[in-house]
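**Q** If you scroll down you'll find the structure; I have some questions about it.
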Amino acid sequence: MLNIFYTVIIYPLIQIIEFAYRVSYKIFENAGLSVISVSITVTFLCLPLYIIAEKWQHIERDTIRRLKPKIDKIKTVFKGDEQYMILSTYYRQNHYHPLYSLRNSFGILIQIPFFIAAYSFLSHLESLKSVSFYFIQDLSKADGLLSIGAGSHLNILPILMTLINCISGMIYTKSLYTRDKIQVYGTAAVFLILLYNSPSGLVLYWTMNNVFSLIKNIFYKLKNPTFILYIILCITVLLLDTFLLFFHHGDIYKRSILIVATLLIPASPVLIKFSNFLLGTLLYPLHADKQKRAILFFTSLGLICLFAGFVIPSYIISSSPQEFSYIESVLSPFSFLGNTFLQAFGFTVFWPICIYFLFGSKIKSLLAAIAPLLFFGSLINTYLFSGEYGELSTLLTFSNAGLIRPSFYSTLINIIVMLALVAAIIFLIYKNRIKIFFVINIIILFALLGISVVHSISILKEFNQFTIMRNSTEESKATLSPIFNFSKEGKNVIVIMLDRAISSFVPEIFSEIPELYNQFSGFVYYPNTVSFNIQTLMGAPPLFGGYEYTPKEINKRSDEPLVKKHNESLLLMPVIFSSNNFSVTVTDPPWANYSWIPDIRIYKNYPDIKVYNTIRSYTDTWLNKNNFSKLQLKSKILKRNFIWFSLFKSAPLALRYAIYNSGDWWSTDKMTIDFRQILNNYAVLDFLPILTDTNTDKKNTFTLMQNEMTHEPAFLQAPGYIPVPAVTNKGNSKFANISNYPSNAAALRLLGIWFDHLASMGVYNNTRIIIVADHSAGIDTGAFADAPTLPFNREALNPLLMVKDFDANFPLKTDATFMTNADVPTLAFKDIIDDPVNPFTGNPVTDTMKKYPLLITTSGKWMPFAHHTNTFIINNDEWYSVHDNIFDAQNWQKVE
């Protein structure tokens, strides 16, 4: 219950405080000034509430002054029940109730949730640690400014805060009753006790709150305080906007949005006059009918809550429930949905309703008109202006975030549609057709509930299946013991798939880490290699199964399910090697049984094949061994980011770039990459020497492993490219600022260390090793600079391919032969398995199907549900042919 209370009431305020802090920090780049800015922001936002509170308190005091003489007389003359009955009658005659006295406490009650929110946020803010601000040495600790003895210090800032509070209270309560003075000074004492040993950043925030309260109380004593406040705010806006426009060097797009937002303050008189005009004319029917007004407001809020809190997040989670399951202590993806819904309820229902009831009919009418605008606007922006920003990570960041900044024409169209919506809503209200809103809202409500139910069933079904699979494979119970066994006397074949490994990085990586030349002795590097697709779903089957499993060939078998054909490709090499008396080990077969976490039960009919899911199995062990105690919790970040993603999708195009904020969603954690996902893969490669052993018999071995280290773009600590909480050295590579480079360098470095280990065990020379990628990444390394006319980046179709044969012993060679990753099975079987046959189709496994030109597809549909059951959905304009030199643009042709 407390958690629900916190999520609904307090967490929205924390988000506002955090947003204000991050924006201020971007402007001033100073933690102390940012804390002060947060205090100014909160004070400004609460100013209307304080005005209402002051109005209520004034009414209460006037009422008490008017009634007090008679009340005192009744209390003097009558006693006991008779006094109670006469007082009750007197109160009733004067339309008063003793509970109304609580109105005197409203000013304090307003502060409580904001205090809790500020305390929760500032008490544990990492960016305040070891940061000084003028005379304050560390904003994350109590100030301890005055030394009063050995090891003892007096905290001055809380005392200063209390002193300011008392001065403010003295001015405020000058003509009030004693009980009002006791309340004010008692509150000051309570805050002194609560905050005396608190971090000075939090005390600074509350001290500034008291300073602004003092200023506010002084303002009340002036003539025309509203006009004076307006002039001060206008001057402040002028100075701030001048600084942002001419002196600040941040993103001009975000600065422009902030400048426009601040200009609403000097424009407020015009906006108020315009609002009054609307209320007196076009919005009058809403202003005149409080019942319709209330129903319209409440129903619109409820629909916004359902849409932003459940429907939008459910679209993301239902697309891949496994990715949001068993994340740290959060087991079910429904935890994220429930948490987001509660946050949305706080943002869109609880606090708006509180505000609604505080104000008079004019403000209520405006809020009632704005609510349907926000709801229908969010629907239009989400569905009609959804945007294509690339793949979405599990931290809700986009792979092609550069597209978030909209073009002028798309922004213009979006604005025109929004203005048309505004006009339509005002027109319906003016014509008193408010019932139309109710009908539309009911229809949409059933539609949203239907979507929610369908998504929930899909998520539940997938989660239950995943739980069964996870328990059956016991992935989480892996121990750090050998799982790879190699023969000293026989032959070993190792195929290593590095997901999205970038071929063109190899020369630079070897140049930067020269010891790799010795560690990769006998390897041949094939830069002129092509993949058949830019995603794992269609790029991996040819790698594992050969040319029978290219997208074109898979679609020819249109009477068989895609998942069956995919599983065949994963089984092909292990089954053939096992049937030829090889000891076979397989790890992490990608998309096995079309499950994001590989469903290794596809090998259950082959008991001689050992299969493991290693990714995610050794992460906690690695963290413990490397004293990684400050790893940010992915589940915590996700619980925060889902509501921001809903805001992003619901917002007009012009605001999305600012909301996204480079993927950190204005979080102070600034976690834009899934660091645990990096460690899930890094740990496996780092532990390879421990996971490796040799056998004493002469039985040949085949090992097929997949690792996603190269798939995760992340900056790591150079020169070793090691995961650290804060990277201070990106290295000297020409690709140092490309986040894909470090993960590729780290993967090859760790494999090099493993190869040294294999050599020390005497199993390197008698081992054939194939390192290959299913596809590459669509970044610009300069390798394909001659192709400005092609509508896609060929870099994404240039996977890594490196091959070391038995007894090969020479420095790394480069071979420009035209290759594809579908050559892997043929390379693996070469000279050790005669005439291999596909056990599922009966066709020979050869490279004779390597016909020229090869057909590849640029389709970006990377999830199984995006395709038909039996065939891939590939548009006609997504087929291309290529032959010979892939770096020559003339060798690429569109296939009609």
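Residues are named by chain letter and number: chains run A, B, ... in the order of the structure tokens, numbers start at 1 in each chain, and ligands are numbered from 1 in the order shown.
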Could you name the residues that touch A:Asn798 at 12 Å or less, counting only C-alpha atoms, but leaving out those on the same chain fewer than 4 positions away, as an mmCIF file with all heavy atoms, in the first residue's frame?

**A**
```cif
data_model
loop_
_atom_site.group_PDB
_atom_site.id
_atom_site.type_symbol
_atom_site.label_atom_id
_atom_site.label_comp_id
_atom_site.auth_asym_id
_atom_site.auth_seq_id
_atom_site.Cartn_x
_atom_site.Cartn_y
_atom_site.Cartn_z
ATOM 1 N N ARG A 500 26.684 -9.259 -35.050
ATOM 2 C CA ARG A 500 26.883 -7.915 -35.577
ATOM 3 C C ARG A 500 28.333 -7.443 -35.474
ATOM 4 O O ARG A 500 28.617 -6.247 -35.345
ATOM 5 C CB ARG A 500 25.959 -6.912 -34.873
ATOM 6 C CG ARG A 500 25.769 -5.634 -35.674
ATOM 7 C CD ARG A 500 24.563 -4.842 -35.244
ATOM 8 N NE ARG A 500 24.722 -4.190 -33.968
ATOM 9 C CZ ARG A 500 23.848 -3.321 -33.446
ATOM 10 N NH1 ARG A 500 22.747 -3.029 -34.098
ATOM 11 N NH2 ARG A 500 24.042 -2.779 -32.272
ATOM 12 N N ALA A 501 29.288 -8.369 -35.535
ATOM 13 C CA ALA A 501 30.693 -7.975 -35.537
ATOM 14 C C ALA A 501 31.015 -7.254 -36.837
ATOM 15 O O ALA A 501 30.620 -7.685 -37.916
ATOM 16 C CB ALA A 501 31.588 -9.199 -35.370
ATOM 17 N N ILE A 502 31.755 -6.172 -36.738
ATOM 18 C CA ILE A 502 32.006 -5.278 -37.867
ATOM 19 C C ILE A 502 33.363 -5.585 -38.482
ATOM 20 O O ILE A 502 34.412 -5.385 -37.859
ATOM 21 C CB ILE A 502 31.908 -3.813 -37.414
ATOM 22 C CG1 ILE A 502 30.494 -3.544 -36.872
ATOM 23 C CG2 ILE A 502 32.245 -2.855 -38.551
ATOM 24 C CD1 ILE A 502 30.323 -2.192 -36.220
ATOM 25 N N SER A 503 33.339 -6.051 -39.694
ATOM 26 C CA SER A 503 34.549 -6.497 -40.369
ATOM 27 C C SER A 503 35.575 -5.383 -40.535
ATOM 28 O O SER A 503 36.772 -5.582 -40.337
ATOM 29 C CB SER A 503 34.194 -7.081 -41.741
ATOM 30 O OG SER A 503 35.343 -7.455 -42.445
ATOM 31 N N SER A 504 35.141 -4.207 -40.915
ATOM 32 C CA SER A 504 36.081 -3.125 -41.238
ATOM 33 C C SER A 504 36.822 -2.589 -40.016
ATOM 34 O O SER A 504 37.760 -1.804 -40.159
ATOM 35 C CB SER A 504 35.339 -1.982 -41.937
ATOM 36 O OG SER A 504 34.224 -1.573 -41.185
ATOM 37 N N PHE A 505 36.435 -3.011 -38.804
ATOM 38 C CA PHE A 505 37.167 -2.612 -37.605
ATOM 39 C C PHE A 505 38.452 -3.430 -37.414
ATOM 40 O O PHE A 505 39.342 -3.007 -36.673
ATOM 41 C CB PHE A 505 36.297 -2.801 -36.356
ATOM 42 C CG PHE A 505 35.280 -1.707 -36.125
ATOM 43 C CD1 PHE A 505 34.163 -1.961 -35.338
ATOM 44 C CD2 PHE A 505 35.440 -0.448 -36.672
ATOM 45 C CE1 PHE A 505 33.219 -0.969 -35.104
ATOM 46 C CE2 PHE A 505 34.503 0.551 -36.448
ATOM 47 C CZ PHE A 505 33.387 0.291 -35.664
ATOM 48 N N TYR A 526 38.944 -12.272 -44.117
ATOM 49 C CA TYR A 526 38.240 -12.100 -45.391
ATOM 50 C C TYR A 526 37.362 -10.830 -45.333
ATOM 51 O O TYR A 526 36.194 -10.895 -44.925
ATOM 52 C CB TYR A 526 37.356 -13.317 -45.685
ATOM 53 C CG TYR A 526 38.121 -14.584 -45.932
ATOM 54 C CD1 TYR A 526 38.359 -15.489 -44.893
ATOM 55 C CD2 TYR A 526 38.602 -14.901 -47.199
ATOM 56 C CE1 TYR A 526 39.068 -16.667 -45.114
ATOM 57 C CE2 TYR A 526 39.303 -16.081 -47.431
ATOM 58 C CZ TYR A 526 39.533 -16.955 -46.378
ATOM 59 O OH TYR A 526 40.231 -18.119 -46.602
ATOM 60 N N PRO A 527 37.915 -9.691 -45.713
ATOM 61 C CA PRO A 527 37.112 -8.455 -45.646
ATOM 62 C C PRO A 527 35.994 -8.399 -46.687
ATOM 63 O O PRO A 527 34.993 -7.725 -46.485
ATOM 64 C CB PRO A 527 38.151 -7.353 -45.890
ATOM 65 C CG PRO A 527 39.229 -8.021 -46.670
ATOM 66 C CD PRO A 527 39.290 -9.436 -46.187
ATOM 67 N N ASN A 528 36.168 -9.124 -47.814
ATOM 68 C CA ASN A 528 35.199 -9.059 -48.925
ATOM 69 C C ASN A 528 34.097 -10.108 -48.727
ATOM 70 O O ASN A 528 33.866 -10.969 -49.560
ATOM 71 C CB ASN A 528 35.931 -9.281 -50.251
ATOM 72 C CG ASN A 528 35.034 -9.022 -51.451
ATOM 73 O OD1 ASN A 528 34.089 -8.239 -51.376
ATOM 74 N ND2 ASN A 528 35.334 -9.692 -52.550
ATOM 75 N N THR A 529 33.422 -10.004 -47.552
ATOM 76 C CA THR A 529 32.396 -10.978 -47.176
ATOM 77 C C THR A 529 31.042 -10.286 -47.082
ATOM 78 O O THR A 529 30.937 -9.165 -46.592
ATOM 79 C CB THR A 529 32.738 -11.621 -45.815
ATOM 80 O OG1 THR A 529 34.018 -12.251 -45.905
ATOM 81 C CG2 THR A 529 31.688 -12.652 -45.419
ATOM 82 N N VAL A 530 30.014 -10.989 -47.543
ATOM 83 C CA VAL A 530 28.674 -10.419 -47.535
ATOM 84 C C VAL A 530 27.724 -11.308 -46.740
ATOM 85 O O VAL A 530 27.895 -12.530 -46.683
ATOM 86 C CB VAL A 530 28.142 -10.211 -48.969
ATOM 87 C CG1 VAL A 530 27.808 -11.540 -49.632
ATOM 88 C CG2 VAL A 530 26.919 -9.287 -48.986
ATOM 89 N N SER A 531 26.757 -10.673 -46.105
ATOM 90 C CA SER A 531 25.688 -11.381 -45.410
ATOM 91 C C SER A 531 24.425 -11.289 -46.257
ATOM 92 O O SER A 531 24.333 -10.463 -47.162
ATOM 93 C CB SER A 531 25.454 -10.759 -44.031
ATOM 94 O OG SER A 531 24.318 -11.318 -43.423
ATOM 95 N N PHE A 532 23.439 -12.103 -45.929
ATOM 96 C CA PHE A 532 22.212 -12.126 -46.731
ATOM 97 C C PHE A 532 21.117 -11.220 -46.174
ATOM 98 O O PHE A 532 20.073 -11.070 -46.798
ATOM 99 C CB PHE A 532 21.704 -13.569 -46.842
ATOM 100 C CG PHE A 532 22.570 -14.407 -47.726
ATOM 101 C CD1 PHE A 532 23.687 -15.049 -47.219
ATOM 102 C CD2 PHE A 532 22.297 -14.529 -49.080
ATOM 103 C CE1 PHE A 532 24.509 -15.803 -48.036
ATOM 104 C CE2 PHE A 532 23.107 -15.292 -49.912
ATOM 105 C CZ PHE A 532 24.223 -15.928 -49.387
ATOM 106 N N ASN A 533 21.383 -10.636 -45.006
ATOM 107 C CA ASN A 533 20.418 -9.702 -44.436
ATOM 108 C C ASN A 533 21.116 -8.870 -43.370
ATOM 109 O O ASN A 533 22.220 -9.205 -42.921
ATOM 110 C CB ASN A 533 19.209 -10.445 -43.842
ATOM 111 C CG ASN A 533 18.107 -9.496 -43.384
ATOM 112 O OD1 ASN A 533 17.772 -9.444 -42.217
ATOM 113 N ND2 ASN A 533 17.543 -8.724 -44.305
ATOM 114 N N ILE A 534 20.453 -7.795 -42.948
ATOM 115 C CA ILE A 534 21.033 -6.879 -41.973
ATOM 116 C C ILE A 534 20.585 -7.198 -40.551
ATOM 117 O O ILE A 534 20.909 -6.459 -39.628
ATOM 118 C CB ILE A 534 20.657 -5.426 -42.332
ATOM 119 C CG1 ILE A 534 19.135 -5.234 -42.332
ATOM 120 C CG2 ILE A 534 21.244 -5.026 -43.666
ATOM 121 C CD1 ILE A 534 18.691 -3.806 -42.571
ATOM 122 N N GLN A 535 19.842 -8.308 -40.372
ATOM 123 C CA GLN A 535 19.356 -8.690 -39.049
ATOM 124 C C GLN A 535 19.656 -10.166 -38.802
ATOM 125 O O GLN A 535 19.821 -10.950 -39.742
ATOM 126 C CB GLN A 535 17.842 -8.456 -38.928
ATOM 127 C CG GLN A 535 17.385 -7.050 -39.239
ATOM 128 C CD GLN A 535 17.796 -6.038 -38.186
ATOM 129 O OE1 GLN A 535 18.288 -6.404 -37.116
ATOM 130 N NE2 GLN A 535 17.617 -4.759 -38.483
ATOM 131 N N GLY A 539 19.795 -13.266 -41.196
ATOM 132 C CA GLY A 539 21.231 -13.341 -41.468
ATOM 133 C C GLY A 539 21.905 -14.547 -40.856
ATOM 134 O O GLY A 539 22.936 -15.009 -41.369
ATOM 135 N N VAL A 772 32.879 -15.586 -37.195
ATOM 136 C CA VAL A 772 31.998 -15.066 -38.241
ATOM 137 C C VAL A 772 30.848 -14.289 -37.597
ATOM 138 O O VAL A 772 30.488 -14.544 -36.449
ATOM 139 C CB VAL A 772 31.446 -16.228 -39.104
ATOM 140 C CG1 VAL A 772 30.619 -17.186 -38.271
ATOM 141 C CG2 VAL A 772 30.667 -15.714 -40.312
ATOM 142 N N ALA A 773 30.303 -13.351 -38.344
ATOM 143 C CA ALA A 773 29.141 -12.585 -37.883
ATOM 144 C C ALA A 773 27.943 -12.874 -38.769
ATOM 145 O O ALA A 773 28.086 -13.222 -39.945
ATOM 146 C CB ALA A 773 29.447 -11.090 -37.882
ATOM 147 N N ASP A 774 26.754 -12.740 -38.209
ATOM 148 C CA ASP A 774 25.532 -12.931 -38.983
ATOM 149 C C ASP A 774 25.250 -11.732 -39.887
ATOM 150 O O ASP A 774 24.626 -11.852 -40.935
ATOM 151 C CB ASP A 774 24.349 -13.172 -38.045
ATOM 152 C CG ASP A 774 24.270 -12.120 -36.938
ATOM 153 O OD1 ASP A 774 25.257 -11.403 -36.704
ATOM 154 O OD2 ASP A 774 23.206 -12.028 -36.294
ATOM 155 N N HIS A 775 25.716 -10.564 -39.462
ATOM 156 C CA HIS A 775 25.582 -9.326 -40.231
ATOM 157 C C HIS A 775 26.487 -8.304 -39.573
ATOM 158 O O HIS A 775 27.150 -8.587 -38.567
ATOM 159 C CB HIS A 775 24.128 -8.831 -40.257
ATOM 160 C CG HIS A 775 23.560 -8.573 -38.891
ATOM 161 N ND1 HIS A 775 23.627 -7.350 -38.266
ATOM 162 C CD2 HIS A 775 22.929 -9.408 -38.015
ATOM 163 C CE1 HIS A 775 23.060 -7.421 -37.081
ATOM 164 N NE2 HIS A 775 22.627 -8.666 -36.889
ATOM 165 N N SER A 776 26.544 -7.119 -40.111
ATOM 166 C CA SER A 776 27.347 -6.062 -39.519
ATOM 167 C C SER A 776 26.409 -4.949 -39.039
ATOM 168 O O SER A 776 25.214 -5.180 -38.860
ATOM 169 C CB SER A 776 28.365 -5.542 -40.535
ATOM 170 O OG SER A 776 29.223 -4.571 -39.963
ATOM 171 N N ALA A 777 26.936 -3.753 -38.828
ATOM 172 C CA ALA A 777 26.128 -2.621 -38.365
ATOM 173 C C ALA A 777 26.152 -1.510 -39.407
ATOM 174 O O ALA A 777 27.156 -1.305 -40.081
ATOM 175 C CB ALA A 777 26.654 -2.098 -37.030
ATOM 176 N N GLY A 778 25.052 -0.824 -39.508
ATOM 177 C CA GLY A 778 24.930 0.240 -40.510
ATOM 178 C C GLY A 778 25.559 1.538 -40.068
ATOM 179 O O GLY A 778 24.884 2.574 -39.953
ATOM 180 N N ILE A 779 26.852 1.519 -39.819
ATOM 181 C CA ILE A 779 27.580 2.734 -39.446
ATOM 182 C C ILE A 779 28.540 3.087 -40.571
ATOM 183 O O ILE A 779 28.736 2.312 -41.506
ATOM 184 C CB ILE A 779 28.351 2.536 -38.129
ATOM 185 C CG1 ILE A 779 29.388 1.413 -38.290
ATOM 186 C CG2 ILE A 779 27.411 2.230 -36.983
ATOM 187 C CD1 ILE A 779 30.282 1.256 -37.093
ATOM 188 N N ASP A 780 29.144 4.241 -40.487
ATOM 189 C CA ASP A 780 30.048 4.688 -41.547
ATOM 190 C C ASP A 780 31.486 4.606 -41.071
ATOM 191 O O ASP A 780 31.944 5.428 -40.281
ATOM 192 C CB ASP A 780 29.703 6.129 -41.944
ATOM 193 C CG ASP A 780 30.547 6.608 -43.125
ATOM 194 O OD1 ASP A 780 31.220 5.767 -43.748
ATOM 195 O OD2 ASP A 780 30.519 7.820 -43.405
ATOM 196 N N THR A 781 32.201 3.569 -41.517
ATOM 197 C CA THR A 781 33.619 3.433 -41.184
ATOM 198 C C THR A 781 34.511 3.906 -42.325
ATOM 199 O O THR A 781 35.731 3.895 -42.200
ATOM 200 C CB THR A 781 33.966 1.963 -40.882
ATOM 201 O OG1 THR A 781 33.789 1.180 -42.075
ATOM 202 C CG2 THR A 781 33.080 1.411 -39.781
ATOM 203 N N ALA A 783 34.624 2.376 -45.238
ATOM 204 C CA ALA A 783 34.953 1.244 -46.118
ATOM 205 C C ALA A 783 34.136 1.262 -47.403
ATOM 206 O O ALA A 783 34.552 0.713 -48.415
ATOM 207 C CB ALA A 783 34.733 -0.070 -45.371
ATOM 208 N N PHE A 784 32.960 1.891 -47.374
ATOM 209 C CA PHE A 784 32.072 1.902 -48.535
ATOM 210 C C PHE A 784 31.796 3.341 -48.981
ATOM 211 O O PHE A 784 30.674 3.713 -49.276
ATOM 212 C CB PHE A 784 30.757 1.203 -48.201
ATOM 213 C CG PHE A 784 30.906 -0.275 -47.960
ATOM 214 C CD1 PHE A 784 31.215 -0.752 -46.702
ATOM 215 C CD2 PHE A 784 30.733 -1.178 -49.002
ATOM 216 C CE1 PHE A 784 31.355 -2.110 -46.470
ATOM 217 C CE2 PHE A 784 30.869 -2.537 -48.775
ATOM 218 C CZ PHE A 784 31.178 -3.005 -47.514
ATOM 219 N N ASN A 793 23.031 1.266 -46.354
ATOM 220 C CA ASN A 793 24.437 1.237 -45.990
ATOM 221 C C ASN A 793 24.966 -0.190 -46.124
ATOM 222 O O ASN A 793 24.581 -1.069 -45.362
ATOM 223 C CB ASN A 793 24.630 1.735 -44.555
ATOM 224 C CG ASN A 793 26.094 1.959 -44.209
ATOM 225 O OD1 ASN A 793 26.985 1.372 -44.803
ATOM 226 N ND2 ASN A 793 26.338 2.829 -43.229
ATOM 227 N N ARG A 794 25.852 -0.408 -47.097
ATOM 228 C CA ARG A 794 26.377 -1.768 -47.320
ATOM 229 C C ARG A 794 27.194 -2.281 -46.150
ATOM 230 O O ARG A 794 27.446 -3.486 -46.038
ATOM 231 C CB ARG A 794 27.223 -1.787 -48.601
ATOM 232 C CG ARG A 794 26.410 -1.720 -49.884
ATOM 233 C CD ARG A 794 27.319 -1.660 -51.099
ATOM 234 N NE ARG A 794 28.115 -0.438 -51.091
ATOM 235 C CZ ARG A 794 29.244 -0.301 -51.799
ATOM 236 N NH1 ARG A 794 29.705 -1.294 -52.526
ATOM 237 N NH2 ARG A 794 29.903 0.835 -51.759
ATOM 238 N N PHE A 818 35.921 -13.260 -52.716
ATOM 239 C CA PHE A 818 34.514 -12.992 -52.432
ATOM 240 C C PHE A 818 33.939 -14.156 -51.616
ATOM 241 O O PHE A 818 33.948 -15.299 -52.046
ATOM 242 C CB PHE A 818 33.738 -12.831 -53.740
ATOM 243 C CG PHE A 818 32.264 -12.622 -53.538
ATOM 244 C CD1 PHE A 818 31.777 -11.517 -52.865
ATOM 245 C CD2 PHE A 818 31.338 -13.541 -54.033
ATOM 246 C CE1 PHE A 818 30.422 -11.329 -52.685
ATOM 247 C CE2 PHE A 818 29.980 -13.358 -53.865
ATOM 248 C CZ PHE A 818 29.520 -12.242 -53.184
ATOM 249 N N MET A 819 33.449 -13.827 -50.405
ATOM 250 C CA MET A 819 32.917 -14.837 -49.494
ATOM 251 C C MET A 819 31.549 -14.402 -48.986
ATOM 252 O O MET A 819 31.171 -13.232 -49.067
ATOM 253 C CB MET A 819 33.866 -15.023 -48.295
ATOM 254 C CG MET A 819 35.298 -15.397 -48.658
ATOM 255 S SD MET A 819 35.455 -17.087 -49.268
ATOM 256 C CE MET A 819 35.270 -17.997 -47.737
ATOM 257 N N THR A 820 30.804 -15.383 -48.448
ATOM 258 C CA THR A 820 29.570 -15.071 -47.726
ATOM 259 C C THR A 820 29.605 -15.839 -46.418
ATOM 260 O O THR A 820 30.362 -16.818 -46.275
ATOM 261 C CB THR A 820 28.311 -15.487 -48.516
ATOM 262 O OG1 THR A 820 28.075 -16.883 -48.338
ATOM 263 C CG2 THR A 820 28.433 -15.152 -49.990
ATOM 264 N N ASN A 821 28.782 -15.417 -45.446
ATOM 265 C CA ASN A 821 28.779 -16.179 -44.195
ATOM 266 C C ASN A 821 28.081 -17.526 -44.347
ATOM 267 O O ASN A 821 28.145 -18.370 -43.461
ATOM 268 C CB ASN A 821 28.167 -15.366 -43.043
ATOM 269 C CG ASN A 821 26.776 -14.854 -43.335
ATOM 270 O OD1 ASN A 821 26.194 -15.157 -44.378
ATOM 271 N ND2 ASN A 821 26.234 -14.057 -42.421
ATOM 272 N N ILE A 856 20.438 -10.941 -51.949
ATOM 273 C CA ILE A 856 20.376 -10.583 -50.532
ATOM 274 C C ILE A 856 19.213 -9.623 -50.336
ATOM 275 O O ILE A 856 18.699 -9.041 -51.291
ATOM 276 C CB ILE A 856 21.707 -9.963 -50.039
ATOM 277 C CG1 ILE A 856 22.024 -8.691 -50.834
ATOM 278 C CG2 ILE A 856 22.836 -10.954 -50.172
ATOM 279 C CD1 ILE A 856 21.655 -7.436 -50.134
ATOM 280 N N VAL A 882 24.472 -9.020 -55.694
ATOM 281 C CA VAL A 882 25.853 -8.575 -55.559
ATOM 282 C C VAL A 882 26.773 -9.679 -56.064
ATOM 283 O O VAL A 882 26.451 -10.865 -55.969
ATOM 284 C CB VAL A 882 26.168 -8.219 -54.082
ATOM 285 C CG1 VAL A 882 26.023 -9.437 -53.176
ATOM 286 C CG2 VAL A 882 27.561 -7.630 -53.965
ATOM 287 N N ASN A 885 33.470 -8.099 -56.059
ATOM 288 C CA ASN A 885 33.949 -7.133 -55.077
ATOM 289 C C ASN A 885 32.778 -6.324 -54.493
ATOM 290 O O ASN A 885 32.186 -5.494 -55.170
ATOM 291 C CB ASN A 885 34.956 -6.182 -55.737
ATOM 292 C CG ASN A 885 35.546 -5.193 -54.749
ATOM 293 O OD1 ASN A 885 35.310 -5.285 -53.546
ATOM 294 N ND2 ASN A 885 36.325 -4.249 -55.264
ATOM 295 N N ILE A 886 32.465 -6.561 -53.214
ATOM 296 C CA ILE A 886 31.317 -5.872 -52.618
ATOM 297 C C ILE A 886 31.605 -4.389 -52.373
ATOM 298 O O ILE A 886 30.673 -3.606 -52.133
ATOM 299 C CB ILE A 886 30.892 -6.535 -51.290
ATOM 300 C CG1 ILE A 886 31.982 -6.377 -50.217
ATOM 301 C CG2 ILE A 886 30.553 -7.999 -51.490
ATOM 302 C CD1 ILE A 886 31.546 -6.817 -48.828
ATOM 303 N N PHE A 887 32.875 -4.000 -52.411
ATOM 304 C CA PHE A 887 33.241 -2.599 -52.181
ATOM 305 C C PHE A 887 33.070 -1.741 -53.434
ATOM 306 O O PHE A 887 33.222 -0.524 -53.370
ATOM 307 C CB PHE A 887 34.680 -2.513 -51.670
ATOM 308 C CG PHE A 887 34.887 -3.241 -50.370
ATOM 309 C CD1 PHE A 887 35.425 -4.518 -50.348
ATOM 310 C CD2 PHE A 887 34.515 -2.651 -49.169
ATOM 311 C CE1 PHE A 887 35.612 -5.194 -49.157
ATOM 312 C CE2 PHE A 887 34.691 -3.332 -47.972
ATOM 313 C CZ PHE A 887 35.237 -4.603 -47.960
#
```

**Q** Would you pick out the contacts of A:Phe347 at 9 Å or less, using only C-alpha atoms, so that residues sharing its chain but fewer than 2 positions from it are not included, and give the list as a ChimeraX atom specification?

**A** /A:8-9,11-13,305,342-345,349-352

**Q** One decimal, Å: what's the distance from atom CA of A:Gly450 over to atom CA of A:Glu388, could you say?

**A** 25.2 Å

**Q** Which residues in stretch 175-372 of chain A does DSSP call helix (DSSP H, G or I)? List them as a PyMOL selection string.

**A** chain A and resi 178-195+200-220+225-246+252-262+268-280+284-288+290-319+321-324+334-358+361-372

**Q** Between A:Leu306, A:Gly522, A:Tyr220, A:Leu192, which has the minimum distance to A:Ile171 (counting only C-alpha atoms)?

**A** A:Tyr220

**Q** Would you please work out which residue, of A:Thr7, A:Ser472, A:Ser650, A:Thr694, is nearest to A:Asn381 when using only C-alpha atoms?

**A**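 The shortest atom-to-atom distance to A:Asn381 comes from A:Ser650.
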
**Q** Given the choices A:Phe645, A:Phe829, A:Tyr430, A:Tyr764, which gets closest to A:Asn809 if the distance is worked out from only C-alpha atoms?

**A** A:Tyr764

**Q** Based on DSSP run over this structure's backbone, return all residues of stretch 397-614 of chain A in strand (DSSP E or B), as a list in words.

**A**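 Written out, the strand (DSSP E or B) residues of stretch 397-614 of chain A are Phe398, Phe484, Asn485, Phe486, Ser487, Asn492, Val493, Ile494, Val495, Ile496, Met497, Leu498, Ile502, Phe523, Val524, Tyr525, Thr529, Val530, Ser583, Val584, Thr585, Val586, Thr587, Ile609, Lys610, Val611 and Tyr612 of chain A.
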
**Q** Have a look at A:Cys46, A:Ile722, A:Ile353, A:Val311 and name the one nearest to A:Phe298; count only C-alpha atoms.

**A**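 Counting only C-alpha atoms, the residue closest to A:Phe298 is A:Ile353.
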
**Q** Show me, as number ranges by chain, the residues that have an atom within 12 Å of A:Ile51 when counting only C-alpha atoms, minus same-chain residues fewer than 2 positions from it.

**A** A: 43-49, 53-58, 106-107, 110, 216-217, 220, 225-226, 358-359

**Q** Choose the residue, out of A:Pro372, A:Gly387, A:Gly782, A:Pro507, that has the smallest atom-to-atom separation from A:Asn414; count only C-alpha atoms.

**A** A:Gly387

**Q** Using only C-alpha atoms, which of A:Phe212, A:Phe376, A:Phe133, A:Tyr612 sits nearest A:Ser300?

**A**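 Of A:Phe212, A:Phe376, A:Phe133, A:Tyr612, the one nearest A:Ser300 is A:Phe376, counting only C-alpha atoms.
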